[in-house]
Every structure is written in structure tokens, then in C-alpha cells.
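Enquirer: Take a look at the following structure, please.
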Amino acid sequence: MPPNDPETSAPLPSSSKSFPSKTSLPPGSAPHVPPSPLSRLKSVYFSVFIDVLGIGLVIPVLPYLILSFEGAGASEVGFVIAFYSLCQVPGSFIFGAISDRKGRRPVLLLSIFASSLSFLLCGLAKTLPMVIIARGFSGLTGGSISVAQAYVADVTTVEERPKYLGLIGATIGIAFTFGPGIGAATAAIVEANGGDIQLQYSAVFFLASAFGLLGFIFALKNLEETSLPTDKASTEVKASVERSLLLPILIISFSMFSSNFGFTVMQSTYGVLITDEYDWSTKALGLILVVSGLEIAVLQGKIVKVIVQKIGKHVSGFIGCALLGLGLACLPLTLWSKPVHLFSFAVQVAGFSVTQTALPALLSRYASKDSQGSVLGFGQAAQAASRVVAPLVSGVLYDNSEKLIGMEYAAPYLLGGILSVVSGLPLLGLLNDRRLEKGVVEDEDEDEGDEMIRVEEGDDDRL
């Protein structure tokens with residue numbers, strides 16, 4: 001760390017307890033070396049991987065399960081998918097807030113177990129309402145990502161946070177890369193052994209439930225709890241600091257909503273676009289998505305953390321939004337050349353990868369120590385809300401694009417691209433927020449391993 005980093009150089013307040021110097025240790029005794037963040041986070045990453053792998057398993061099967069019920073069509077498929085995201089909106093925030101009060105471990109365990117249970121219910125479902133209830137339950141209790149992000153914030157310094165938050169994104173990317181393939185293969189194996197269509201779908205959901213149960217058991221045995229707030233007065237002070245930073249939190253959450261809106265527009269309509277324009281099949285779409293998942297995993301695991309450390313969270317967030325918006329807007333404009341079109345696709349995936357690390361890290365930086373779960377849950381709720389709105393809006397815009405703007409296919413992509421770029425601009429404005437230079441202080445007992453942050457003029461570690 002640089003010598004003027006507030007995390008290492010800020011003096012303790014006068015009311016703090018004094019601690020013995022490292023030089024005063026008894027002869028022959030070694031200073032206590034705290035465990036590395038990665039050693040504490042391995043169980044978090046594995047639990048998230050197993051949880052998300054189960055979600056990925058059912059992606060290629062869920063629409064067909066819904067269509068297998070009498071009278072169900074595309075509208076019902078869209079409703080079930082949107083209903084899941086709608087339930088995630090309060091669920092992400094509520095679970096994040098509960099984790100601030102009750103601890104990360106019990107909430108993460110509950111979320112993973114509930115996910116496993118919802119897959120089991122879907123596998124057992126004999127009617128469409130049962131599937132809707134199961135998916136709604138899964139969305140409401142699906143706060144594992146925001147709680148995992150809060151866990152990372154608890155055990156890492158500000159400088160380390162982008163790296164370890166990026167690893168969560170890489171874990172999710174890997175899980176979504178392999179999940180759909182495993183799900184499709186499972187259905188094919190059941191079919192090859194004479195299983196009817198209903199059994200094929202049920203088998204995939206049962207396997208997803210088993211993965212969720214495995215993740216729950218692993219977390220139950222290996223996941224440690226982070227420290228919880230015990231000082232009521234200190235919590236009240238932090239709450240007032242959080243209120244003073246409400247505007248930055250809202251701005252960053254809007255960027256998270258907009259960037260995820262743009263990416264969801266692509267997810268909702270891209271399969272239709274490449275079929276209409278290139279007559280490509282499901283296999284081509286699957287290959288593109290697999291490569292994209294690998295791109296996300298590599299970028300978030302190796303590259304994005306370096307970018308964030310070099311240029312800061314604010315600028316990284318803006319660049320991510322800009323790349324996402326540019327690549328998204330170019331998708332319908334580059335259909336004349338397949339290589340250029342696929343390059344545009346890769347650009348918007350890269351932009352999305354940057355936002356998925358930089359924006360949560362930036363949001364975490366504007367939250368107090370005791371509100372990480374609530375604030376990160378709010379950001380996840382904003383993303384869930386975008387997944388409700390985007391599929392509904394993008395389908396209508398896609399079908400009516402030529403009437404609206406005189407160009408086929410382009411309307412939803414241009415809207416998503418413009419919104420992504422525009423939402424990144426206020427992030428640069430936060431760099432000049434004078435309120436951050438007036439000395440926001442969060443004092444915590446260093447003996448308990450908590451970080452103490454002082455933001456002084458010319459030394460803003462929120463960059």
C-alpha cells in the first residue's frame with residue numbers, strides 16, 4: 001500500500017485503547033499473522049459456485065418445463081422469469097439487511113438451502129402454479145450473492161476488495177458456463193434411457209437441488225462468521241454517515257440497474273436476432289454464451305482487478321458502462337459483418353465484466369462497516385429490478401423497431417446502450433463530490449480487526 005493510504009496511516013482517535021507495540025513482544029514469540037482473505041473466502045466462493053451452478057443447470061430446461069403444461073405459451077414463460085426477478089427485488093435487500101444484524105453465515109446458509117428446496121419443488125411440480133410459487137420462493141430467498149459480497153467486504157481492506165469481489169464474478173461466470181451444458185446433458189441422458197419429457201425436466205431440477213444441498217452442507221461445515229457490530233452508539237454514528245452518502249449510493253445503484261438492463265436486453269432478444277438475421281440455431285447461441293462465460297471468468301478473475309487498482313473504482317465503473325453501451329448499440333449496426341458483429345458482442349461482455357466488479361466495490365466503499373449487507377443488497381435489488389423491466393420492454397421494442405426508428409432490430413439495443421453510457425457519467429461526478437473531502441470518519445476498535453477510515457482533502461481512498 002502507498003504510505004499515505006488512510007487505512008494504514010490515519011491516527012487512532014484519542015478515545016481508542018492503546019495497544020502494545022510489535023517491538024514489545026516477549027523474546028522468542030512471533031507476531032500474530034492474521035489469515036489471508038482468500039483462506040477465509042474459499043468456502044464462500046465454493047458455496048456460491050455450487051448455488052449458481054444449480055441455477056445454470058435449469059436455464060435450458062425451465063422454459064420447456066413451463067411450455068409442457070396445458071395452455072402455457074411464451075407469455076407464461078416470460079411471466080415466470082419476470083416473477084422470479086420481481087421477488088428478488090425485496091429479497092436481496094431484506095436478506096442483506098438481516099445479514100448486517102444476524103451475521104453473514106446464517107443468512108447465506110438459509111439462502112443456499114432455500115434455493116435447493118425451490119429446485120426440488122419445481123422438479124415435483126405437476127401444475128404451472130406450483131412452478132410459479134417455487135420460482136417466486138427461490139427469488140425471494142435468493143440473496144446469496146449480495147450476502148457473499150458483504151462477506152468479502154467484511155474480511156478485506158479497501159485495496160483488496162476489487163480483487164476478491166472480482167473472484168465472485170469469476171466464480172459466477174464459470175458456474176454459468178458449465179451449468180447449462182450439464183443441464184442439457186442430463187436431460188439427454190434421461191431421454192436416451194427411455195425417460196419421458198416430464199422425467200427429463202424433473203431430473204435436471206433434482207440434480208440442481210442436489211448441487212444446492214451439497215453447497216449447503218459444505219458451507220455448514222466450513223463457512224466461518226465475520227465479526228458483528230456490538231457497540232450501539234458506534235452503529236448509530238455509522239448510520240448517520242450512511243445517510244450522508246445516500247446520493248452516491250443511489251447513483252451507483254442506478255448505474256447497476258442500467259448496466260444490467262442493457263445486458264438483459266441482449267439476453268432477452270439476442271437469440272431471436274441471430275435467428276432472424278443469420279438463421280443461426282440454438283447450438284450457435286449456446287457456443288456464443290459458453291465463450292462469453294469464459295471471457296467473463298478470465299476478465300474478472302485476472303484482468304479487471306488490475307484495471308480497478310490502476311485507475312480507481314469510479315473511472316473503471318464509467319469505462320465498464322461505456323464499453324457495455326458501445327458494444328450493445330453496435331450489435332444491430334454490425335450485422336453486415338459476422339466477425340465485426342461478434343467483436344461487438346465481446347466488447348459489451350467485457351464492459352459488463354468490468355461493471356460487475358467495479359460497481360459493487362464502489363458501492364461497498366460508500367457503505368459503513370455495519371451496513372455492507374443492506375447497501376450491497378440494495379444494489380442487487382436494483383439489478384433484479386432491471387431483469388424484470390428489460391425482458392418486457394425489449395420484446396416490444398424489438399418487434400416494433402422499424403416503426404419506431406426506421407431500423408429493424410435496433411431499438412432495444414440502442415436504448416440499452418444509451419442508458420448504460422449515461423448511467424456511467426455520474427460516477428465521474430462523484431470524484432468531485434466535496435462532501436467526501438470534509439472528513440468522514442468511521443472509527444472502530446482495531447483490536448477486533450475492523451478497519452478505520454479517514455477521508456481527508458486530497459486523500460480520498462474512495463477513488
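Labeling convention for the C-alpha cells: chains A, B, ... as they appear, residues from 1 per chain, ligands from 1 in order of appearance.
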List the neighbours of range 408-425 of chain A out to 6 Å using only C-alpha atoms; skip same-chain residues closer than 5 positions along the sequence, and give me the result as a ChimeraX atom specification.

Expert: /A:255,258-259,262,318,321-322,325,328-329,332,394,397-398,401-402

Enquirer: Which one of A:Thr357, A:Ser253, A:Gln380, A:Thr226 sits closest to Gly312 in chain A if you count only C-alpha atoms?

Expert: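 Closest to Gly312 in chain A of all the choices is A:Thr357.
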
Enquirer: Check the DSSP output for the backbone and give back, as a VMD selection string, the residues of range 160-372 of chain A in alpha helix (DSSP H).

Expert: chain A and resid 161 to 192 197 to 222 232 to 244 246 to 278 282 to 298 304 to 311 313 to 330 338 to 365 372

Enquirer: Would you mind listing what lies within 10 Å of Leu289 in chain A as a ChimeraX atom specification, with only C-alpha atoms counted and same-chain residues fewer than 4 positions away left out?

Expert: /A:176-177,180,267,283-285,293-295

Enquirer: How about saving the chosen residues, N, CA and C atoms kept, as a compact mmCIF listing (two decimals), in the first residue's frame?

Expert:
```txt
# COMPACT_ATOMS: atom_id res chain seq x y z
N PHE A 176 -21.98 -20.43 -14.65
CA PHE A 176 -22.93 -20.26 -15.74
C PHE A 176 -22.40 -20.82 -17.06
N THR A 177 -21.10 -20.98 -17.16
CA THR A 177 -20.52 -21.59 -18.36
C THR A 177 -20.82 -23.08 -18.40
N PRO A 180 -25.49 -24.73 -17.85
CA PRO A 180 -26.42 -25.09 -18.92
C PRO A 180 -26.03 -26.35 -19.67
N GLN A 267 -29.65 -10.50 -23.52
CA GLN A 267 -30.03 -11.87 -23.19
C GLN A 267 -31.44 -12.19 -23.65
N LYS A 283 -27.64 -24.18 -31.15
CA LYS A 283 -26.25 -24.59 -30.91
C LYS A 283 -25.30 -23.41 -31.05
N ALA A 284 -25.54 -22.55 -32.04
CA ALA A 284 -24.68 -21.38 -32.22
C ALA A 284 -24.80 -20.44 -31.03
N LEU A 285 -26.02 -20.24 -30.56
CA LEU A 285 -26.22 -19.37 -29.40
C LEU A 285 -25.53 -19.96 -28.17
N GLY A 293 -19.13 -16.75 -21.26
CA GLY A 293 -18.91 -17.12 -19.87
C GLY A 293 -17.43 -17.25 -19.54
N LEU A 294 -16.68 -17.85 -20.45
CA LEU A 294 -15.24 -17.97 -20.25
C LEU A 294 -14.58 -16.59 -20.27
N GLU A 295 -15.03 -15.71 -21.15
CA GLU A 295 -14.49 -14.35 -21.20
C GLU A 295 -14.72 -13.63 -19.87
```

Enquirer: So which one's closest to Ile81 in chain A, A:Ile66, A:Ala210, A:Ile98, A:Ile145? Using only C-alpha atoms, please.

Expert: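 Closest to Ile81 in chain A of all the choices is A:Ile66.
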
Enquirer: So that I can check the surroundings of Asp51 in chain A, please list as a VMD selection string every protein, DNA and RNA residue that reaches within 7 Å of it, counting only C-alpha atoms and ignoring chain neighbours fewer than 5 positions away.

Expert: chain A and resid 112 212 215

Enquirer: What's the 7 Å shell around Arg387 in chain A, counting only C-alpha atoms, without same-chain residues fewer than 3 positions away, as an NGL selection string?

Expert: :A and (82 or 85 or 261 or 264 or 383-384 or 390-391)

Enquirer: So which one's closest to Thr355 in chain A, A:Ile405, A:Asp276, A:Val204, A:Pro162? Using only C-alpha atoms, please.

Expert: A:Pro162
